[in-house]
Amino acid sequence: MVNKVQAAYVVADGLFLLMGIFIIGFSVIVGNIRDEIPENGRQAARNLLYQRFPLTAGIVNAVFIFLTFMVTLPGLATQSRGWLKLGAYMTTFCGLFSMILGLFLWILTLKTREDFAPLYWAQPANVQQLMQAEFNCCGYFNSTSPAFVTDATCSSPAAAALVRGCATPITSFANIFLDNIFTAMFGMVGIDFVFVMATACLLKDRKERERFRHIDEKSGYGRI
């Protein structure tokens, strides 16, 4: 008969492993594409946001998740509760690590408008032009701060003065983008919590089974 408690633990352990794969995959992919030459304004803004992501910390977190998963395997293969307890402590650490990363990304959304300005100013004219065309804006705070790049949207100083700066639309785009990322990170913290609870249930189940086995041995049923 399948032990339902252990089956639930295996499922939670599998989700925990998938979470680590997702984190390291995302970190590696983003690290490879964030310096690409953008083809449109949204890609340009996204790549600038990626440059502020703590990708190294994400990879470290993923590696620790993999180590934690490896620690849980002896706990599944044997009846030892020590490996399960160690895995629970390590999972708790992973959850705190993921929460810190999520909070870091959330804090970015609180000051996107100001923090994005130096990144925008540092871009060459062709990249600024891509963002102006994509978000239908001129300059950053306004058409003169910094000075707009002449294009179809901002064809002259008079025309540019009538168009909003890029700060508002870029900030809106960035906040929606970052919201999705840090929400995913907090969701992963939820998976960590579920895994810790599954570990606690399995520990209790094994303790109960061990107690009943000792009772059976004392009463003589263990020899039948």
# chains A, B, ... in the order shown; residues from 1 in each chain; ligands from 1
>>> residues_around(residues="Lys111 in chain A", least_positions_apart="4", cutoff="10 Å", atoms="only C-alpha atoms", output="PyMOL selection string")
chain A and resi 106-107+115-116+171+175
>>> write_last_selection(atoms="all heavy atoms", output="short mmCIF file (atom, residue, chain, number, x, y, z; two decimals), in the first residue's frame")
data_model
loop_
_atom_site.label_atom_id
_atom_site.label_comp_id
_atom_site.auth_asym_id
_atom_site.auth_seq_id
_atom_site.Cartn_x
_atom_site.Cartn_y
_atom_site.Cartn_z
N TRP A 106 11.05 43.70 -5.62
CA TRP A 106 9.90 44.54 -5.25
C TRP A 106 10.36 45.97 -4.94
O TRP A 106 9.73 46.94 -5.35
CB TRP A 106 9.19 43.96 -4.05
CG TRP A 106 8.10 44.84 -3.52
CD1 TRP A 106 6.90 45.14 -4.11
CD2 TRP A 106 8.12 45.58 -2.28
NE1 TRP A 106 6.18 46.01 -3.33
CE2 TRP A 106 6.90 46.29 -2.20
CE3 TRP A 106 9.05 45.68 -1.25
CZ2 TRP A 106 6.59 47.09 -1.12
CZ3 TRP A 106 8.75 46.50 -0.17
CH2 TRP A 106 7.53 47.19 -0.11
N ILE A 107 11.49 46.09 -4.25
CA ILE A 107 12.01 47.42 -3.92
C ILE A 107 12.36 48.19 -5.19
O ILE A 107 12.21 49.42 -5.26
CB ILE A 107 13.23 47.29 -2.98
CG1 ILE A 107 12.76 46.80 -1.60
CG2 ILE A 107 13.96 48.62 -2.84
CD1 ILE A 107 13.89 46.46 -0.66
N ASP A 115 15.67 55.50 -10.71
CA ASP A 115 16.82 54.63 -10.95
C ASP A 115 17.03 54.32 -12.42
O ASP A 115 18.16 54.02 -12.84
CB ASP A 115 16.64 53.31 -10.18
CG ASP A 115 16.79 53.50 -8.68
OD1 ASP A 115 17.19 54.60 -8.26
OD2 ASP A 115 16.50 52.55 -7.92
N PHE A 116 15.96 54.37 -13.22
CA PHE A 116 16.09 54.05 -14.63
C PHE A 116 16.70 55.22 -15.41
O PHE A 116 17.26 55.02 -16.50
CB PHE A 116 14.73 53.69 -15.23
CG PHE A 116 14.80 52.94 -16.52
CD1 PHE A 116 14.90 51.56 -16.54
CD2 PHE A 116 14.78 53.62 -17.74
CE1 PHE A 116 14.97 50.86 -17.73
CE2 PHE A 116 14.85 52.93 -18.94
CZ PHE A 116 14.95 51.54 -18.94
N THR A 171 8.30 53.48 -16.92
CA THR A 171 8.09 53.06 -15.53
C THR A 171 6.90 52.12 -15.43
O THR A 171 6.95 51.10 -14.71
CB THR A 171 7.85 54.29 -14.62
OG1 THR A 171 9.00 55.12 -14.65
CG2 THR A 171 7.57 53.86 -13.19
N ASN A 175 7.35 48.32 -14.13
CA ASN A 175 6.69 47.85 -12.92
C ASN A 175 5.85 46.60 -13.17
O ASN A 175 5.84 45.68 -12.35
CB ASN A 175 5.83 48.96 -12.33
CG ASN A 175 6.65 50.03 -11.64
OD1 ASN A 175 7.83 49.82 -11.33
ND2 ASN A 175 6.06 51.19 -11.41
#
>>> closest_atom_pairs(of="range 92-206 of chain A", to="range 49-59 of chain A", cutoff="10 Å", atoms="only C-alpha atoms", output="JSON lines")
{"residue": "A:Phe97", "atom": "CA", "partner": "A:Ala57", "partner_atom": "CA", "distance": 8.8}
{"residue": "A:Ser98", "atom": "CA", "partner": "A:Gly58", "partner_atom": "CA", "distance": 8.2}
{"residue": "A:Leu101", "atom": "CA", "partner": "A:Pro54", "partner_atom": "CA", "distance": 7.6}
{"residue": "A:Phe104", "atom": "CA", "partner": "A:Pro54", "partner_atom": "CA", "distance": 8.6}
{"residue": "A:Leu105", "atom": "CA", "partner": "A:Phe53", "partner_atom": "CA", "distance": 7.6}
{"residue": "A:Leu108", "atom": "CA", "partner": "A:Arg52", "partner_atom": "CA", "distance": 8.9}
{"residue": "A:Thr112", "atom": "CA", "partner": "A:Leu49", "partner_atom": "CA", "distance": 9.4}
{"residue": "A:Asp115", "atom": "CA", "partner": "A:Arg52", "partner_atom": "CA", "distance": 9.9}
{"residue": "A:Phe116", "atom": "CA", "partner": "A:Leu49", "partner_atom": "CA", "distance": 8.1}
{"residue": "A:Leu119", "atom": "CA", "partner": "A:Leu49", "partner_atom": "CA", "distance": 9.0}
{"residue": "A:Ala174", "atom": "CA", "partner": "A:Leu49", "partner_atom": "CA", "distance": 7.4}
{"residue": "A:Phe177", "atom": "CA", "partner": "A:Leu49", "partner_atom": "CA", "distance": 9.1}
{"residue": "A:Leu178", "atom": "CA", "partner": "A:Leu49", "partner_atom": "CA", "distance": 8.6}
>>> closest_residue(among="A:Gln6, A:Gln132, A:Ser143, A:Ser27", to="Leu76 in chain A", atoms="only C-alpha atoms")
A:Gln6
>>> residues_around(residues="Thr153 in chain A", least_positions_apart="3", cutoff="10 Å", atoms="only C-alpha atoms", output="ChimeraX atom specification")
/A:129,132-138,148-150,156,159-160,163
>>> atom_distance(atom1="CA of Leu203 in chain A", atom2="CA of Leu17 in chain A")
20.0 Å
